[in-house]
Structures are given as structure tokens and as C-alpha cells.
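These notes concern the structure reproduced below.
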Amino acid sequence: MKTAIITGASQGLGLVIARTFSDNGWQVIGTGRSARPDTLDQTIQYEQFDASDAEACTDFWQRFKDKATADEVCLVNNAGSYVEGGLLDTKAADYDKQMQSNYFSAVYMTRGLIDNCHKARIINIVSNSALNTHSSQSAYGAAKAAEKHFFQSLQKEFPASKYRITNLYPSDIASSGPNSNAINPVDLAGFIVQQADNKSTYYLPDVTVYPTKE
Ligand SMILES: NC(=O)c1ccc[n+]([C@@H]2O[C@H](COP(=O)([O-])OP(=O)(O)OC[C@H]3O[C@@H](n4cnc5c(N)ncnc54)[C@H](OP(=O)(O)O)[C@@H]3O)[C@@H](O)[C@H]2O)c1
């Protein structure tokens, strides 16, 4: 059985990614801090916990290990939040929250995966803001840059034959409604599932993704 774990599946891009894996024959476990969304298909398991809480992540992986029958595992680190504003527009706590939701959630979930699965695919929804700086994104951009640095370090620490890590750096995603100037989440989710299913002799370690804009 192929199992995909999607963090931040309560809404937005994560919800679409969870559905797309499920439609393509994967068993799916979605996670989020909010209660299970009504719009999530019943075939998708949903686990409510804060992925930026290290202990909650350890508990999740322990339960996963106890029940798992998966022979293929894909973790999609999608959970994140966005605060708009530069240093003087934001509070010190915003910097902490950005690191918690965008960076530490990915670190703790990945640590749990590696402790419990000897082989896996890991796909990370980073952001173009990890690559390019913006005057109004110092908190968000720094958290995403930390995420990029972490996973690029892991790409060197582990062989891709064991943990195949793909970092995506999308710019605008139409995750809260139609927007012809942004990436359609259904298209991005389709690409993510293709990468998870890719059994060829190559893989994509780092991918920038831009909207075509109509
Ligand atoms: N939208 C864009 O233009 C864009 C561009 C580039 C990259 N991205 C990245 O793509 C990802 C998805 O973006 P989106 O637009 O779909 O965002 P979104 O609509 O705000 O959804 C974010 C998801 O992350 C979850 N989440 C946040 N903190 C969490 C935590 N600590 N533990 C568990 N779940 C958590 C949220 O659920 P709960 O609140 O229920 O926890 C929600 O399901 C994010 O990482 C974002 O940074 C987005």
C-alpha cells in the first residue's frame, strides 16, 4: 500500500494535494490543527494536531508505525502560514510563529518520518520567497529560507535512494479561490503526485514553479 501524509490538509493547497493523492490510488493521511474539514473525502484519514509541536509529531509517528502496512511512504510538508509586513509592521512574536508553522513543523515531521521509515519520498512546499527577498516578507521569507537550507542539507546527509527529497519553490498559488494570475492548486497537486509516483532513474531535487499568467 502506498501512503501519503500531507501536513496542512485542512484547507487550501494541502486539501487539494490530499484529494489528488487519494484519486490516484494512494492511502492518504491529512493533518492540521483545525477539526477535520467537512469537504475532506471520507476515504482520507485526518489527524488533528499541531505539527510545530515536537511531542505531537512524535506521537503521530508512533501511532503511524503501530498501524502502518505501507510499503511506500510519501511525506508532503505543506503546513505553513503567512504574515505580511516588514520588521516595523510586525511583532516579534510573528517571527516566532512563522518559524514554528513553516520551519519547525517540517523539521519535526521529517525527523519522525526518518526515525520510523527506512525509505521514503519527501516533498516540501517551500516558496519562491525562500529564493528571493521582498521588503514585506522578512518573517515569512526567513522561515522559508530556513526550510530550504534544512532540506538541502538533508539531501546531502541521506542518499536519494533512501530519502528522495524534492523542494518546490512556487510563487503565487490560487489556494483560496480562482485567480488567473496564480498557479491552479489542482495543477500543482498533479505535479506533486507525479513526483511521488516517479520510479525512474532521475528525480528533481529543487523545482521553481511560476504561474503562466493569462
Ligand atoms: N498561497 C501561495 O501563494 C503560496 C505560495 C508559495 C508557497 N506557499 C506555501 O504553500 C503551503 C500551503 O499554502 P496555502 O496557501 O494552501 O495556505 P493556507 O490556505 O493558509 O493553508 C495552510 C495549511 O497549513 C496548516 N497549518 C498551519 N500551521 C500548522 C501547524 N503548525 N500544524 C499543522 N498544520 C498547520 C493549516 O491548517 P490549520 O490552521 O488547521 O493548522 C492549513 O491547512 C504553505 O506552506 C505556504 O507557505 C503558498
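Lettering and numbering for the C-alpha cells are positional, with chains as A, B, ... in the shown order, residues counted from 1 in each chain, and ligands counted from 1 in the shown order.
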* Return as a list of chain:residue names the residues of protein, DNA or RNA that approach ligand 1 to within 6 Å, with only C-alpha atoms and all ligand atoms taken into account. => A:Thr7, A:Gly8, A:Ala9, A:Ser10, A:Gln11, A:Gly12, A:Leu13, A:Gly14, A:Gly32, A:Arg33, A:Ser34, A:Asp50, A:Ala51, A:Ser52, A:Asn78, A:Ala79, A:Gly80, A:Ser81, A:Ser101, A:Ser105, A:Ile125, A:Val126, A:Ser127, A:Pro170, A:Ser171, A:Asp172, A:Ile173, A:Ser175
* For Phe151 in chain A, list every protein, DNA or RNA residue within 12 Å, evaluated using only C-alpha atoms, and leave out those in the same chain fewer than 4 positions away; present the list as a PyMOL selection string. => chain A and resi 77+103-104+106-107+110-111+122-126+144-147+155-158+163-168+205-206
The selected residues should be written to file as a compact mmCIF listing (two decimals), in the first residue's frame (atoms: C-alpha atoms).
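Okay, result_1.txt is ready:
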```txt
# COMPACT_ATOMS: atom_id res chain seq x y z
CA ASN A 77 5.42 19.10 4.19
CA TYR A 103 10.03 25.58 9.51
CA PHE A 104 9.69 23.60 12.75
CA ALA A 106 8.66 20.41 8.61
CA VAL A 107 11.66 19.61 10.81
CA THR A 110 10.64 14.82 8.88
CA ARG A 111 12.53 13.71 11.99
CA ILE A 122 9.67 13.81 0.96
CA ILE A 123 8.12 16.69 -0.97
CA ASN A 124 8.27 20.15 0.54
CA ILE A 125 6.10 23.11 -0.37
CA VAL A 126 8.70 25.78 0.30
CA LYS A 144 11.05 29.51 4.19
CA ALA A 145 14.79 30.07 3.61
CA ALA A 146 15.46 28.08 6.80
CA GLU A 147 13.25 25.28 5.45
CA GLN A 155 19.75 15.95 0.54
CA LYS A 156 23.48 15.80 1.32
CA GLU A 157 23.10 13.81 4.55
CA PHE A 158 20.99 10.98 3.04
CA TYR A 163 15.10 9.55 1.24
CA ARG A 164 14.28 11.24 -2.03
CA ILE A 165 13.71 14.90 -1.23
CA THR A 166 12.07 17.38 -3.62
CA ASN A 167 11.79 21.04 -2.68
CA LEU A 168 9.21 23.11 -4.55
CA PRO A 205 15.76 17.93 -6.03
CA ASP A 206 14.73 21.59 -6.38
```
* Please provide as a PyMOL selection string all residues within 10 Å of Gly25 in chain A, with the sequence filter that same-chain residues fewer than 4 positions apart are discarded (counting only C-alpha atoms). => chain A and resi 1-3+20-21
* To do: For Ile29 in chain A, work out the shell of residues within 9 Å, counting only C-alpha atoms and skipping chain neighbours fewer than 6 positions away, then give it as a ChimeraX atom specification.
  => /A:3-7,9,18,44-47
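By chain and then residue number, the residues within 9 Å of Phe60 in chain A are Glu47, Phe49, Glu55, Ala56, Cys57, Thr58, Gln62, Arg63, Phe64, Lys65, Met109 and Gly112 of chain A, counting only C-alpha atoms and disregarding those fewer than 2 positions away in sequence.
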All alpha helix (DSSP H) positions in range 12-169 of chain A, as a PDB file with N, CA and C atoms, in the first residue's frame:
```
ATOM      1  N   GLY A  12      -6.991  24.939   1.631  1.00  0.00           N
ATOM      2  CA  GLY A  12      -6.012  25.425   0.654  1.00  0.00           C
ATOM      3  C   GLY A  12      -5.344  24.332  -0.153  1.00  0.00           C
ATOM      4  N   LEU A  13      -4.088  24.546  -0.465  1.00  0.00           N
ATOM      5  CA  LEU A  13      -3.335  23.620  -1.308  1.00  0.00           C
ATOM      6  C   LEU A  13      -3.283  22.213  -0.700  1.00  0.00           C
ATOM      7  N   GLY A  14      -3.096  22.125   0.625  1.00  0.00           N
ATOM      8  CA  GLY A  14      -2.958  20.810   1.269  1.00  0.00           C
ATOM      9  C   GLY A  14      -4.188  19.936   1.069  1.00  0.00           C
ATOM     10  N   LEU A  15      -5.374  20.553   1.127  1.00  0.00           N
ATOM     11  CA  LEU A  15      -6.626  19.811   0.916  1.00  0.00           C
ATOM     12  C   LEU A  15      -6.659  19.254  -0.511  1.00  0.00           C
ATOM     13  N   VAL A  16      -6.226  20.062  -1.472  1.00  0.00           N
ATOM     14  CA  VAL A  16      -6.221  19.631  -2.883  1.00  0.00           C
ATOM     15  C   VAL A  16      -5.171  18.524  -3.087  1.00  0.00           C
ATOM     16  N   ILE A  17      -4.028  18.664  -2.454  1.00  0.00           N
ATOM     17  CA  ILE A  17      -2.986  17.625  -2.583  1.00  0.00           C
ATOM     18  C   ILE A  17      -3.505  16.300  -2.012  1.00  0.00           C
ATOM     19  N   ALA A  18      -4.172  16.378  -0.849  1.00  0.00           N
ATOM     20  CA  ALA A  18      -4.697  15.154  -0.219  1.00  0.00           C
ATOM     21  C   ALA A  18      -5.680  14.462  -1.162  1.00  0.00           C
ATOM     22  N   ARG A  19      -6.600  15.227  -1.739  1.00  0.00           N
ATOM     23  CA  ARG A  19      -7.592  14.652  -2.679  1.00  0.00           C
ATOM     24  C   ARG A  19      -6.913  14.039  -3.893  1.00  0.00           C
ATOM     25  N   THR A  20      -5.887  14.711  -4.389  1.00  0.00           N
ATOM     26  CA  THR A  20      -5.247  14.252  -5.630  1.00  0.00           C
ATOM     27  C   THR A  20      -4.499  12.937  -5.384  1.00  0.00           C
ATOM     28  N   PHE A  21      -3.816  12.823  -4.249  1.00  0.00           N
ATOM     29  CA  PHE A  21      -3.172  11.539  -3.921  1.00  0.00           C
ATOM     30  C   PHE A  21      -4.234  10.445  -3.830  1.00  0.00           C
ATOM     31  N   SER A  22      -5.331  10.749  -3.135  1.00  0.00           N
ATOM     32  CA  SER A  22      -6.390   9.757  -2.952  1.00  0.00           C
ATOM     33  C   SER A  22      -6.964   9.330  -4.308  1.00  0.00           C
ATOM     34  N   ASP A  23      -7.209  10.295  -5.203  1.00  0.00           N
ATOM     35  CA  ASP A  23      -7.759   9.981  -6.536  1.00  0.00           C
ATOM     36  C   ASP A  23      -6.790   9.126  -7.356  1.00  0.00           C
ATOM     37  N   ALA A  54       6.743  19.337  18.809  1.00  0.00           N
ATOM     38  CA  ALA A  54       7.611  18.169  18.585  1.00  0.00           C
ATOM     39  C   ALA A  54       7.008  16.893  19.170  1.00  0.00           C
ATOM     40  N   GLU A  55       6.416  17.006  20.366  1.00  0.00           N
ATOM     41  CA  GLU A  55       5.849  15.804  21.014  1.00  0.00           C
ATOM     42  C   GLU A  55       4.646  15.270  20.248  1.00  0.00           C
ATOM     43  N   ALA A  56       3.825  16.197  19.741  1.00  0.00           N
ATOM     44  CA  ALA A  56       2.641  15.774  18.970  1.00  0.00           C
ATOM     45  C   ALA A  56       3.090  15.027  17.710  1.00  0.00           C
ATOM     46  N   CYS A  57       4.180  15.473  17.105  1.00  0.00           N
ATOM     47  CA  CYS A  57       4.692  14.789  15.904  1.00  0.00           C
ATOM     48  C   CYS A  57       5.218  13.399  16.267  1.00  0.00           C
ATOM     49  N   THR A  58       5.934  13.308  17.396  1.00  0.00           N
ATOM     50  CA  THR A  58       6.445  12.002  17.833  1.00  0.00           C
ATOM     51  C   THR A  58       5.277  11.039  18.057  1.00  0.00           C
ATOM     52  N   ASP A  59       4.201  11.536  18.722  1.00  0.00           N
ATOM     53  CA  ASP A  59       3.009  10.693  18.970  1.00  0.00           C
ATOM     54  C   ASP A  59       2.400  10.230  17.648  1.00  0.00           C
ATOM     55  N   PHE A  60       2.296  11.162  16.696  1.00  0.00           N
ATOM     56  CA  PHE A  60       1.708  10.808  15.398  1.00  0.00           C
ATOM     57  C   PHE A  60       2.493   9.668  14.757  1.00  0.00           C
ATOM     58  N   TRP A  61       3.825   9.785  14.730  1.00  0.00           N
ATOM     59  CA  TRP A  61       4.635   8.760  14.048  1.00  0.00           C
ATOM     60  C   TRP A  61       4.611   7.437  14.789  1.00  0.00           C
ATOM     61  N   GLN A  62       4.495   7.497  16.113  1.00  0.00           N
ATOM     62  CA  GLN A  62       4.387   6.253  16.882  1.00  0.00           C
ATOM     63  C   GLN A  62       3.113   5.518  16.492  1.00  0.00           C
ATOM     64  N   ARG A  63       1.987   6.279  16.411  1.00  0.00           N
ATOM     65  CA  ARG A  63       0.708   5.661  16.019  1.00  0.00           C
ATOM     66  C   ARG A  63       0.783   5.141  14.596  1.00  0.00           C
ATOM     67  N   PHE A  64       1.453   5.915  13.718  1.00  0.00           N
ATOM     68  CA  PHE A  64       1.595   5.508  12.318  1.00  0.00           C
ATOM     69  C   PHE A  64       2.362   4.190  12.234  1.00  0.00           C
ATOM     70  N   LYS A  65       3.454   4.125  13.001  1.00  0.00           N
ATOM     71  CA  LYS A  65       4.307   2.930  12.967  1.00  0.00           C
ATOM     72  C   LYS A  65       3.558   1.700  13.475  1.00  0.00           C
ATOM     73  N   ASP A  66       2.743   1.906  14.527  1.00  0.00           N
ATOM     74  CA  ASP A  66       1.998   0.782  15.106  1.00  0.00           C
ATOM     75  C   ASP A  66       0.981   0.201  14.125  1.00  0.00           C
ATOM     76  N   LYS A  67       0.399   1.085  13.269  1.00  0.00           N
ATOM     77  CA  LYS A  67      -0.691   0.643  12.380  1.00  0.00           C
ATOM     78  C   LYS A  67      -0.230   0.417  10.951  1.00  0.00           C
ATOM     79  N   ALA A  92       7.398  40.943  17.233  1.00  0.00           N
ATOM     80  CA  ALA A  92       8.458  39.938  17.404  1.00  0.00           C
ATOM     81  C   ALA A  92       7.851  38.532  17.375  1.00  0.00           C
ATOM     82  N   ALA A  93       6.651  38.387  17.977  1.00  0.00           N
ATOM     83  CA  ALA A  93       6.011  37.062  18.039  1.00  0.00           C
ATOM     84  C   ALA A  93       5.687  36.516  16.645  1.00  0.00           C
ATOM     85  N   ASP A  94       5.478  37.416  15.665  1.00  0.00           N
ATOM     86  CA  ASP A  94       5.181  36.952  14.308  1.00  0.00           C
ATOM     87  C   ASP A  94       6.355  36.164  13.730  1.00  0.00           C
ATOM     88  N   TYR A  95       7.570  36.593  14.079  1.00  0.00           N
ATOM     89  CA  TYR A  95       8.764  35.894  13.571  1.00  0.00           C
ATOM     90  C   TYR A  95       8.826  34.485  14.154  1.00  0.00           C
ATOM     91  N   ASP A  96       8.469  34.407  15.438  1.00  0.00           N
ATOM     92  CA  ASP A  96       8.454  33.108  16.099  1.00  0.00           C
ATOM     93  C   ASP A  96       7.396  32.198  15.464  1.00  0.00           C
ATOM     94  N   LYS A  97       6.198  32.749  15.239  1.00  0.00           N
ATOM     95  CA  LYS A  97       5.102  31.942  14.666  1.00  0.00           C
ATOM     96  C   LYS A  97       5.438  31.477  13.254  1.00  0.00           C
ATOM     97  N   GLN A  98       6.102  32.328  12.481  1.00  0.00           N
ATOM     98  CA  GLN A  98       6.462  31.938  11.110  1.00  0.00           C
ATOM     99  C   GLN A  98       7.454  30.780  11.121  1.00  0.00           C
ATOM    100  N   SER A 105       7.542  22.796  11.877  1.00  0.00           N
ATOM    101  CA  SER A 105       6.599  21.715  11.533  1.00  0.00           C
ATOM    102  C   SER A 105       7.267  20.739  10.564  1.00  0.00           C
ATOM    103  N   ALA A 106       7.997  21.279   9.594  1.00  0.00           N
ATOM    104  CA  ALA A 106       8.656  20.410   8.606  1.00  0.00           C
ATOM    105  C   ALA A 106       9.813  19.632   9.248  1.00  0.00           C
ATOM    106  N   VAL A 107      10.547  20.293  10.143  1.00  0.00           N
ATOM    107  CA  VAL A 107      11.662  19.607  10.815  1.00  0.00           C
ATOM    108  C   VAL A 107      11.134  18.444  11.665  1.00  0.00           C
ATOM    109  N   TYR A 108      10.102  18.703  12.490  1.00  0.00           N
ATOM    110  CA  TYR A 108       9.619  17.662  13.410  1.00  0.00           C
ATOM    111  C   TYR A 108       8.961  16.505  12.658  1.00  0.00           C
ATOM    112  N   MET A 109       8.188  16.845  11.609  1.00  0.00           N
ATOM    113  CA  MET A 109       7.533  15.765  10.850  1.00  0.00           C
ATOM    114  C   MET A 109       8.577  14.919  10.124  1.00  0.00           C
ATOM    115  N   THR A 110       9.615  15.561   9.636  1.00  0.00           N
ATOM    116  CA  THR A 110      10.639  14.821   8.884  1.00  0.00           C
ATOM    117  C   THR A 110      11.485  13.977   9.830  1.00  0.00           C
ATOM    118  N   ARG A 111      11.774  14.500  11.004  1.00  0.00           N
ATOM    119  CA  ARG A 111      12.527  13.715  11.990  1.00  0.00           C
ATOM    120  C   ARG A 111      11.758  12.433  12.351  1.00  0.00           C
ATOM    121  N   GLY A 112      10.440  12.589  12.569  1.00  0.00           N
ATOM    122  CA  GLY A 112       9.598  11.435  12.885  1.00  0.00           C
ATOM    123  C   GLY A 112       9.578  10.423  11.756  1.00  0.00           C
ATOM    124  N   LEU A 113       9.495  10.916  10.532  1.00  0.00           N
ATOM    125  CA  LEU A 113       9.495  10.024   9.365  1.00  0.00           C
ATOM    126  C   LEU A 113      10.791   9.215   9.323  1.00  0.00           C
ATOM    127  N   ILE A 114      11.906   9.897   9.484  1.00  0.00           N
ATOM    128  CA  ILE A 114      13.206   9.231   9.353  1.00  0.00           C
ATOM    129  C   ILE A 114      13.443   8.250  10.508  1.00  0.00           C
ATOM    130  N   ASP A 115      12.892   8.579  11.680  1.00  0.00           N
ATOM    131  CA  ASP A 115      13.015   7.651  12.810  1.00  0.00           C
ATOM    132  C   ASP A 115      12.182   6.379  12.603  1.00  0.00           C
ATOM    133  N   ASN A 116      11.133   6.475  11.773  1.00  0.00           N
ATOM    134  CA  ASN A 116      10.183   5.355  11.680  1.00  0.00           C
ATOM    135  C   ASN A 116      10.111   4.673  10.321  1.00  0.00           C
ATOM    136  N   SER A 138      10.064  39.673   5.510  1.00  0.00           N
ATOM    137  CA  SER A 138      11.269  39.211   6.211  1.00  0.00           C
ATOM    138  C   SER A 138      10.985  38.030   7.134  1.00  0.00           C
ATOM    139  N   ALA A 139       9.807  38.005   7.777  1.00  0.00           N
ATOM    140  CA  ALA A 139       9.498  36.892   8.691  1.00  0.00           C
ATOM    141  C   ALA A 139       9.202  35.618   7.898  1.00  0.00           C
ATOM    142  N   TYR A 140       8.304  35.728   6.917  1.00  0.00           N
ATOM    143  CA  TYR A 140       7.919  34.557   6.111  1.00  0.00           C
ATOM    144  C   TYR A 140       9.124  34.060   5.296  1.00  0.00           C
ATOM    145  N   GLY A 141       9.793  34.982   4.622  1.00  0.00           N
ATOM    146  CA  GLY A 141      10.908  34.592   3.748  1.00  0.00           C
ATOM    147  C   GLY A 141      12.036  33.929   4.527  1.00  0.00           C
ATOM    148  N   ALA A 142      12.325  34.440   5.719  1.00  0.00           N
ATOM    149  CA  ALA A 142      13.405  33.847   6.512  1.00  0.00           C
ATOM    150  C   ALA A 142      13.038  32.430   6.961  1.00  0.00           C
ATOM    151  N   ALA A 143      11.754  32.229   7.326  1.00  0.00           N
ATOM    152  CA  ALA A 143      11.322  30.887   7.741  1.00  0.00           C
ATOM    153  C   ALA A 143      11.400  29.915   6.562  1.00  0.00           C
ATOM    154  N   LYS A 144      10.995  30.371   5.382  1.00  0.00           N
ATOM    155  CA  LYS A 144      11.050  29.509   4.194  1.00  0.00           C
ATOM    156  C   LYS A 144      12.506  29.258   3.772  1.00  0.00           C
ATOM    157  N   ALA A 145      13.365  30.262   3.940  1.00  0.00           N
ATOM    158  CA  ALA A 145      14.788  30.068   3.611  1.00  0.00           C
ATOM    159  C   ALA A 145      15.411  29.050   4.572  1.00  0.00           C
ATOM    160  N   ALA A 146      14.974  29.072   5.836  1.00  0.00           N
ATOM    161  CA  ALA A 146      15.464  28.075   6.805  1.00  0.00           C
ATOM    162  C   ALA A 146      15.021  26.678   6.384  1.00  0.00           C
ATOM    163  N   GLU A 147      13.777  26.575   5.913  1.00  0.00           N
ATOM    164  CA  GLU A 147      13.249  25.282   5.454  1.00  0.00           C
ATOM    165  C   GLU A 147      14.071  24.773   4.261  1.00  0.00           C
ATOM    166  N   LYS A 148      14.349  25.678   3.328  1.00  0.00           N
ATOM    167  CA  LYS A 148      15.158  25.309   2.152  1.00  0.00           C
ATOM    168  C   LYS A 148      16.533  24.808   2.599  1.00  0.00           C
ATOM    169  N   HIS A 149      17.173  25.539   3.501  1.00  0.00           N
ATOM    170  CA  HIS A 149      18.521  25.179   3.965  1.00  0.00           C
ATOM    171  C   HIS A 149      18.502  23.808   4.644  1.00  0.00           C
ATOM    172  N   PHE A 150      17.477  23.579   5.474  1.00  0.00           N
ATOM    173  CA  PHE A 150      17.340  22.307   6.182  1.00  0.00           C
ATOM    174  C   PHE A 150      17.251  21.153   5.189  1.00  0.00           C
ATOM    175  N   PHE A 151      16.341  21.256   4.214  1.00  0.00           N
ATOM    176  CA  PHE A 151      16.140  20.124   3.305  1.00  0.00           C
ATOM    177  C   PHE A 151      17.298  19.962   2.319  1.00  0.00           C
ATOM    178  N   GLN A 152      17.938  21.057   1.942  1.00  0.00           N
ATOM    179  CA  GLN A 152      19.110  20.902   1.070  1.00  0.00           C
ATOM    180  C   GLN A 152      20.258  20.243   1.846  1.00  0.00           C
ATOM    181  N   SER A 153      20.316  20.471   3.142  1.00  0.00           N
ATOM    182  CA  SER A 153      21.320  19.794   3.969  1.00  0.00           C
ATOM    183  C   SER A 153      20.999  18.297   4.058  1.00  0.00           C
ATOM    184  N   LEU A 154      19.706  17.973   4.220  1.00  0.00           N
ATOM    185  CA  LEU A 154      19.302  16.559   4.282  1.00  0.00           C
ATOM    186  C   LEU A 154      19.575  15.843   2.958  1.00  0.00           C
ATOM    187  N   GLN A 155      19.443  16.572   1.851  1.00  0.00           N
ATOM    188  CA  GLN A 155      19.745  15.953   0.540  1.00  0.00           C
ATOM    189  C   GLN A 155      21.211  15.509   0.493  1.00  0.00           C
ATOM    190  N   LYS A 156      22.070  16.196   1.268  1.00  0.00           N
ATOM    191  CA  LYS A 156      23.484  15.804   1.317  1.00  0.00           C
ATOM    192  C   LYS A 156      23.727  14.737   2.384  1.00  0.00           C
ATOM    193  N   GLU A 157      22.906  14.764   3.445  1.00  0.00           N
ATOM    194  CA  GLU A 157      23.100  13.811   4.553  1.00  0.00           C
ATOM    195  C   GLU A 157      22.644  12.397   4.173  1.00  0.00           C
TER     196      GLU A 157
END
```
* To do: as a PyMOL selection string, list the residues of range 43-213 of chain A assigned to strand (DSSP E or B) by DSSP on the backbone atoms of this structure.
  => chain A and resi 45-48+72-77+120-125+163-170+173+183+206-209
* To do: Considering only C-alpha atoms, return as a PyMOL selection string whatever protein or nucleic-acid residues lie within 9 Å of range 212-214 of chain A, sequence-local ones (same chain, fewer than 2 positions apart) excluded.
  => chain A and resi 180-183+210
* To do: Using only C-alpha atoms, pick whichever of A:Gln48, A:Pro211, A:Ser135, A:Val73 has the shortest atom-to-atom distance to Asn179 in chain A.
  => A:Pro211
* If you measure from CA of Gly85 in chain A to CA of Asn184 in chain A, what distance in Å do you get, rounded to one decimal? -> 25.1 Å
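When CA of Gln195 in chain A is paired with CA of Ala160 in chain A, their separation reads 13.2 Å.
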* Asked: Quick one: distance from CA of Tyr82 in chain A to CA of Thr133 in chain A in Å, one decimal?
  -> 14.5 Å
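When only C-alpha atoms are used to measure the gap to Asn132 in chain A, the shortest distance among A:Asp53, A:Asp41, A:Val28, A:Thr208 belongs to A:Thr208.
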